[in-house]
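**Student:** Got a structure for you, written out below as structure tokens; questions coming shortly.
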Number of protein chains: 2
Amino acid sequence: MTCIIEIISIGNELLIGQIINTNAQWIAKYISSLGGIVRRINTVRDSVDEISSILRDTLKRNPTFIITTGGLGPTFDDKTLKAIAVALNSLLELNEEALAMVKARYCNYKKNITKIIELTPARLKMATLPRGATPLHNPKGTAPGVIIHIDSSTIIALPGVPGEMKAIFEESVLPMISDSIGNLFVHGRYLKVTGIVESEIAPLIDATMHDNPDVYIKSHPKLRSHLELHFTATSKSKKETENTVEKSIKNISQLIYEHGGTIEEF
Amino acid sequence: MTCIIEIISIGNELLIGQIINTNAQWIAKYISSLGGIVRRINTVRDSVDEISSILRDTLKRNPTFIITTGGLGPTFDDKTLKAIAVALNSLLELNEEALAMVKARYCNYKKNITKIIELTPARLKMATLPRGATPLHNPKGTAPGVIIHIDSSTIIALPGVPGEMKAIFEESVLPMISDSIGNLFVHGRYLKVTGIVESEIAPLIDATMHDNPDVYIKSHPKLRSHLELHFTATSKSKKETENTVEKSIKNISQLIYEHGGTIEEF
């Protein structure tokens with residue numbers, strides 16, 4: 001079974017272009033390198049309606065994992081957990097395990113900040129999870145990650161701060177996703193091609209992909225000066241994966257030379 | 001009427017994390033600076049099913065504009081125009097105006113490439129548009145942008161190459177979006193806050209937004225060292241917009257000092 005992931009990035013700052021979505025790229029690259037398929041990356045604003053609506057739509061497509069980033073913190077506009085509860089027609093409740101995580105974090109803080117920190121409503125909020133969810137330890141911050149299984153999908157909610165997101169992903173999420181993907185080998189290569197424009201190379205790519213159905217070739221025009229060709233294949237055998245890519249590169253290189261182009265590997 | 005925009009980014013390279021979605025950020029920032037609202041940024045792969053399915057879902061939400069990037073080129077995996085036709089239950093047909101644009105472009109190419117370039121199927125593809133669509137001149141490349149009006153929404157398809165996307169956006173898309181938005185002023189300010197953690201500042205933001213309903217305040221934790229607060233307001237009067245933001249900054253600054261925090265403006 002193919003492991004399909006959909007990413008939901010949450011945050012107004014992404015929709016006003018204030019920051020670029022490095023979280024989604026990082027997750028997508030990581031998962032792709034393991035042989036998982038990232039099917040969609042969707043960005044919505046900090047709104048319970050928007051987040052719960054996209055969660056419902058995403059669940060209908062039955063991805064193996066839905067990974068959300070953002071909206072787990074203590075402020076009023078951190079709405080992801082509420083939205084998950086709404087999407088699942090579930091309730092939010094204080095989770096004892098999450099509360100212990102939040103408390104432990106503030107005990108560490110106290111050493112630096114030298115004043116008594118109480119469990120205010122804003123802090124309790126980070127430990128109030130949809131019923132049935134499990135918190136994921138956050139090695140770099142306070143808000144725990146959250147995981148909840150629904151039928152054939154699993155929702156994983158991660159914080160938006162990149163350092164915290166990556167730490168929880170590597171510690172808790174990666175092992176689950178790797179298990180689901182199994183042992184797959186992904187092999188990718190690039191070629192730089194000059195002397196031929198994209199519309200001339202299009203039929204050569206079509207012919208090569210026809211003869212090499214297990215490889216995916218994509219051309220990226222870099223304005224007029226050159227094109228990049230990107231080759232990828234995925235299979236259960238390392239050797240087979242590499243051979244598939246190498247054979248397709250050999251085939252298309254010959255066609256490109258026949259059409260007056262030049263190849264610079266890189 | 002508020003001008004609502006949804007962006008659909010198309011391309012497998014975005015879903016494998018090979019490149020980061022700078023196009024969506026650029027468009028989102030531009031539109032937000034004019035007072036338009038970017039409601040969603042969705043990324044899908046080069047698949048007619050995926051693109052047409054998300055277009056149909058997006059049209060149901062009735063945004064003023066749907067801007068797609070990517071998938072307008074000559075190769076087999078450039079599928080945006082086909083997908084738009086499928087989503088609208090329409091047909092693709094050779095568009096004479098678009099054909100003239102593609103031809104004009106290759107005439108310019110000839111001077112550099114010094115060989116006769118024919119209108120191959122791959123090139124004709126870039127001039128084959130959904131019925132009723134209008135091409136948009138591409139000052140930096142071959143594939144024209146495409147615009148098509150459907151009931152209360154307008155779909156604008158732009159190329160994925162950033163230089164081409166930006167050139168068409170500024171030449172043809174910006175005037176339309178500016179017209180739709182009208183004269184709005186957006187004012188934004190940042191504060192850097194130290195000595196107070198996000199869970200402590202959360203109730204202060206809530207209180208300030210309650211007293212200043214026209215300003216939007218968002219906190220961005222920068223790990224433990226400091227927080228950034230981002231203030232924005234939009235209205236038809238420049239002075240009113242600025243006053244709204246300044247008043248909310250004054251209010252929250254006082255609260256932050258009372259709670260032991262320090263403010264560094266920047």
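Following the order of the structure tokens, first chain is A, next is B, and so on, with residues numbered from 1 inside each chain and ligands from 1 in the order they appear.
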Taking 5 positions as the minimum chain separation for residues in the same chain, which residues sit within 9 Å of A:Glu171 when counting only C-alpha atoms? Answer as a ChimeraX atom specification.
**Tutor:** /A:136-139,166
**Student:** Please identify all polymer residues within 7 Å of stretch 122-135 of chain B, counting only C-alpha atoms, omitting same-chain residues fewer than 5 positions from it, and present them as number ranges by chain.
**Tutor:** A: 199, 202; B: 72-75, 81, 84-85, 90-95, 97-99, 102, 143-148
**Student:** Only residues of chain B matter here; which ones have an atom within 6 Å of chain A, counting only C-alpha atoms? Give them as a ChimeraX atom specification.
**Tutor:** /B:15-17,20,25,28-29,32,38,40-44,74-75,122-123,199,202
**Student:** Write a file of the selected residues as a PDB file, in the first residue's frame, keeping N, CA and C atoms.
**Tutor:**
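Written file, again-v4.pdb:
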ATOM      1  N   LEU B  15       5.726  19.253  -4.514  1.00  0.00           N
ATOM      2  CA  LEU B  15       5.246  18.210  -3.589  1.00  0.00           C
ATOM      3  C   LEU B  15       6.345  17.236  -3.200  1.00  0.00           C
ATOM      4  N   ILE B  16       7.462  17.253  -3.919  1.00  0.00           N
ATOM      5  CA  ILE B  16       8.601  16.452  -3.464  1.00  0.00           C
ATOM      6  C   ILE B  16       9.613  17.345  -2.734  1.00  0.00           C
ATOM      7  N   GLY B  17       9.265  18.583  -2.544  1.00  0.00           N
ATOM      8  CA  GLY B  17      10.135  19.489  -1.791  1.00  0.00           C
ATOM      9  C   GLY B  17      11.394  19.880  -2.547  1.00  0.00           C
ATOM     10  N   ILE B  20      10.929  25.393  -3.302  1.00  0.00           N
ATOM     11  CA  ILE B  20      10.028  26.002  -2.335  1.00  0.00           C
ATOM     12  C   ILE B  20       9.085  26.928  -3.096  1.00  0.00           C
ATOM     13  N   GLN B  25       4.171  32.787  -2.337  1.00  0.00           N
ATOM     14  CA  GLN B  25       4.478  33.834  -1.361  1.00  0.00           C
ATOM     15  C   GLN B  25       4.511  35.214  -2.022  1.00  0.00           C
ATOM     16  N   ALA B  28       0.966  36.273  -2.774  1.00  0.00           N
ATOM     17  CA  ALA B  28       0.227  36.537  -1.534  1.00  0.00           C
ATOM     18  C   ALA B  28       0.651  37.871  -0.931  1.00  0.00           C
ATOM     19  N   LYS B  29       1.947  38.141  -0.944  1.00  0.00           N
ATOM     20  CA  LYS B  29       2.464  39.378  -0.368  1.00  0.00           C
ATOM     21  C   LYS B  29       1.975  40.592  -1.168  1.00  0.00           C
ATOM     22  N   SER B  32      -1.824  41.073  -0.602  1.00  0.00           N
ATOM     23  CA  SER B  32      -2.110  41.543   0.760  1.00  0.00           C
ATOM     24  C   SER B  32      -1.728  43.004   0.923  1.00  0.00           C
ATOM     25  N   VAL B  38      -5.911  36.812   0.625  1.00  0.00           N
ATOM     26  CA  VAL B  38      -5.591  35.487   0.074  1.00  0.00           C
ATOM     27  C   VAL B  38      -6.135  34.463   1.071  1.00  0.00           C
ATOM     28  N   ARG B  40      -6.702  30.945   0.541  1.00  0.00           N
ATOM     29  CA  ARG B  40      -6.029  29.642   0.564  1.00  0.00           C
ATOM     30  C   ARG B  40      -4.896  29.606  -0.453  1.00  0.00           C
ATOM     31  N   ILE B  41      -3.890  28.795  -0.124  1.00  0.00           N
ATOM     32  CA  ILE B  41      -2.853  28.439  -1.103  1.00  0.00           C
ATOM     33  C   ILE B  41      -2.839  26.920  -1.138  1.00  0.00           C
ATOM     34  N   ASN B  42      -3.194  26.340  -2.264  1.00  0.00           N
ATOM     35  CA  ASN B  42      -3.259  24.880  -2.377  1.00  0.00           C
ATOM     36  C   ASN B  42      -2.262  24.403  -3.420  1.00  0.00           C
ATOM     37  N   THR B  43      -1.549  23.353  -3.104  1.00  0.00           N
ATOM     38  CA  THR B  43      -0.576  22.818  -4.056  1.00  0.00           C
ATOM     39  C   THR B  43      -0.987  21.409  -4.465  1.00  0.00           C
ATOM     40  N   VAL B  44      -1.077  21.190  -5.768  1.00  0.00           N
ATOM     41  CA  VAL B  44      -1.434  19.858  -6.281  1.00  0.00           C
ATOM     42  C   VAL B  44      -0.428  19.428  -7.339  1.00  0.00           C
ATOM     43  N   PRO B  74       4.959  23.342 -22.761  1.00  0.00           N
ATOM     44  CA  PRO B  74       4.720  22.435 -23.882  1.00  0.00           C
ATOM     45  C   PRO B  74       4.824  20.949 -23.546  1.00  0.00           C
ATOM     46  N   THR B  75       5.311  20.576 -22.360  1.00  0.00           N
ATOM     47  CA  THR B  75       5.557  19.148 -22.130  1.00  0.00           C
ATOM     48  C   THR B  75       4.304  18.412 -21.683  1.00  0.00           C
ATOM     49  N   ALA B 122       3.795  20.266 -29.714  1.00  0.00           N
ATOM     50  CA  ALA B 122       4.148  20.771 -28.386  1.00  0.00           C
ATOM     51  C   ALA B 122       3.960  22.277 -28.305  1.00  0.00           C
ATOM     52  N   ARG B 123       4.251  22.970 -29.412  1.00  0.00           N
ATOM     53  CA  ARG B 123       4.090  24.433 -29.386  1.00  0.00           C
ATOM     54  C   ARG B 123       2.637  24.848 -29.558  1.00  0.00           C
ATOM     55  N   SER B 199       2.809  32.354  26.216  1.00  0.00           N
ATOM     56  CA  SER B 199       1.595  32.049  26.980  1.00  0.00           C
ATOM     57  C   SER B 199       1.237  33.187  27.947  1.00  0.00           C
ATOM     58  N   ALA B 202      -0.414  36.013  25.590  1.00  0.00           N
ATOM     59  CA  ALA B 202      -1.680  35.646  24.934  1.00  0.00           C
ATOM     60  C   ALA B 202      -2.874  36.440  25.473  1.00  0.00           C
TER      61      ALA B 202
END
**Student:** In stretch 15-234 of chain A, what's alpha helix (DSSP H) per DSSP? Answer as a VMD selection string?
**Tutor:** chain A and resid 15 22 to 34 48 to 60 80 to 87 96 to 113 121 to 125 162 to 168 174 to 181 198 to 211
**Student:** Suppose you want the space between atom CA of A:Ile4 and atom CA of A:Pro63; what is it in Å?
**Tutor:**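 Going from atom CA of A:Ile4 over to atom CA of A:Pro63 covers 5.1 Å.
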**Student:** With a distance cut-off of 8 Å and only C-alpha atoms, select the neighbouring residues of stretch 172-174 of chain B, excluding the residue or stretch itself and same-chain residues fewer than 2 positions from it, and output the selection as a ChimeraX atom specification.
**Tutor:** /B:136-137,156,168-170,176-178
**Student:** To one decimal in Å, tell me the separation between atom CA of A:Glu246 and atom CA of A:His210.
**Tutor:** 15.2 Å
**Student:** Please identify all polymer residues within 9 Å of B:Thr80, counting only C-alpha atoms, omitting same-chain residues fewer than 4 positions from it, and present them as a ChimeraX atom specification.
**Tutor:** /B:10,46-48,51-52,68-72,84-85,157
**Student:** Write out, as an mmCIF file, in the first residue's frame, the residues just selected, with C-alpha atoms.
**Tutor:**
data_model
loop_
_atom_site.group_PDB
_atom_site.id
_atom_site.type_symbol
_atom_site.label_atom_id
_atom_site.label_comp_id
_atom_site.auth_asym_id
_atom_site.auth_seq_id
_atom_site.Cartn_x
_atom_site.Cartn_y
_atom_site.Cartn_z
ATOM 1 C CA ILE B 10 0.670 23.170 -9.642
ATOM 2 C CA ASP B 46 0.625 17.576 -12.387
ATOM 3 C CA SER B 47 -2.544 15.529 -12.771
ATOM 4 C CA VAL B 48 -5.671 16.495 -14.702
ATOM 5 C CA ILE B 51 -6.126 20.000 -10.789
ATOM 6 C CA SER B 52 -9.707 19.798 -12.068
ATOM 7 C CA THR B 68 -3.006 29.080 -10.750
ATOM 8 C CA THR B 69 0.727 28.854 -11.353
ATOM 9 C CA GLY B 70 2.475 26.145 -13.360
ATOM 10 C CA GLY B 71 1.506 23.634 -16.013
ATOM 11 C CA LEU B 72 1.206 25.943 -19.040
ATOM 12 C CA ILE B 84 -9.494 23.886 -16.487
ATOM 13 C CA ALA B 85 -11.489 22.636 -19.493
ATOM 14 C CA ALA B 157 -3.590 30.712 -15.128
#
**Student:** For stretch 234-245 of chain B, please output as a PyMOL selection string all residues within 7 Å (counting only C-alpha atoms; exclusion window: fewer than 2 positions along the same chain).
**Tutor:** chain B and resi 35+183-187+214-215+231-232+247-249
**Student:** With C-alpha atoms retained, export the selected residues as an mmCIF file, in the first residue's frame.
**Tutor:**
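Output file selection.cif follows:
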data_model
loop_
_atom_site.group_PDB
_atom_site.id
_atom_site.type_symbol
_atom_site.label_atom_id
_atom_site.label_comp_id
_atom_site.auth_asym_id
_atom_site.auth_seq_id
_atom_site.Cartn_x
_atom_site.Cartn_y
_atom_site.Cartn_z
ATOM 1 C CA GLY B 35 -5.711 45.051 0.768
ATOM 2 C CA ASN B 183 -8.675 52.133 -2.797
ATOM 3 C CA LEU B 184 -7.710 50.472 0.450
ATOM 4 C CA PHE B 185 -4.863 51.295 2.748
ATOM 5 C CA VAL B 186 -3.001 48.587 4.593
ATOM 6 C CA HIS B 187 -0.754 49.466 7.481
ATOM 7 C CA ASP B 214 -10.113 46.747 13.616
ATOM 8 C CA VAL B 215 -6.541 45.635 14.146
ATOM 9 C CA PHE B 231 -0.058 44.361 13.754
ATOM 10 C CA THR B 232 -2.144 44.997 10.636
ATOM 11 C CA LYS B 247 -3.378 52.962 19.240
ATOM 12 C CA SER B 248 -3.241 49.175 19.596
ATOM 13 C CA ILE B 249 0.562 49.284 19.887
#
**Student:** Provide the atom CA of B:Leu191 to atom CA of B:Ile263 distance in Å, to one decimal place.
**Tutor:** 6.8 Å
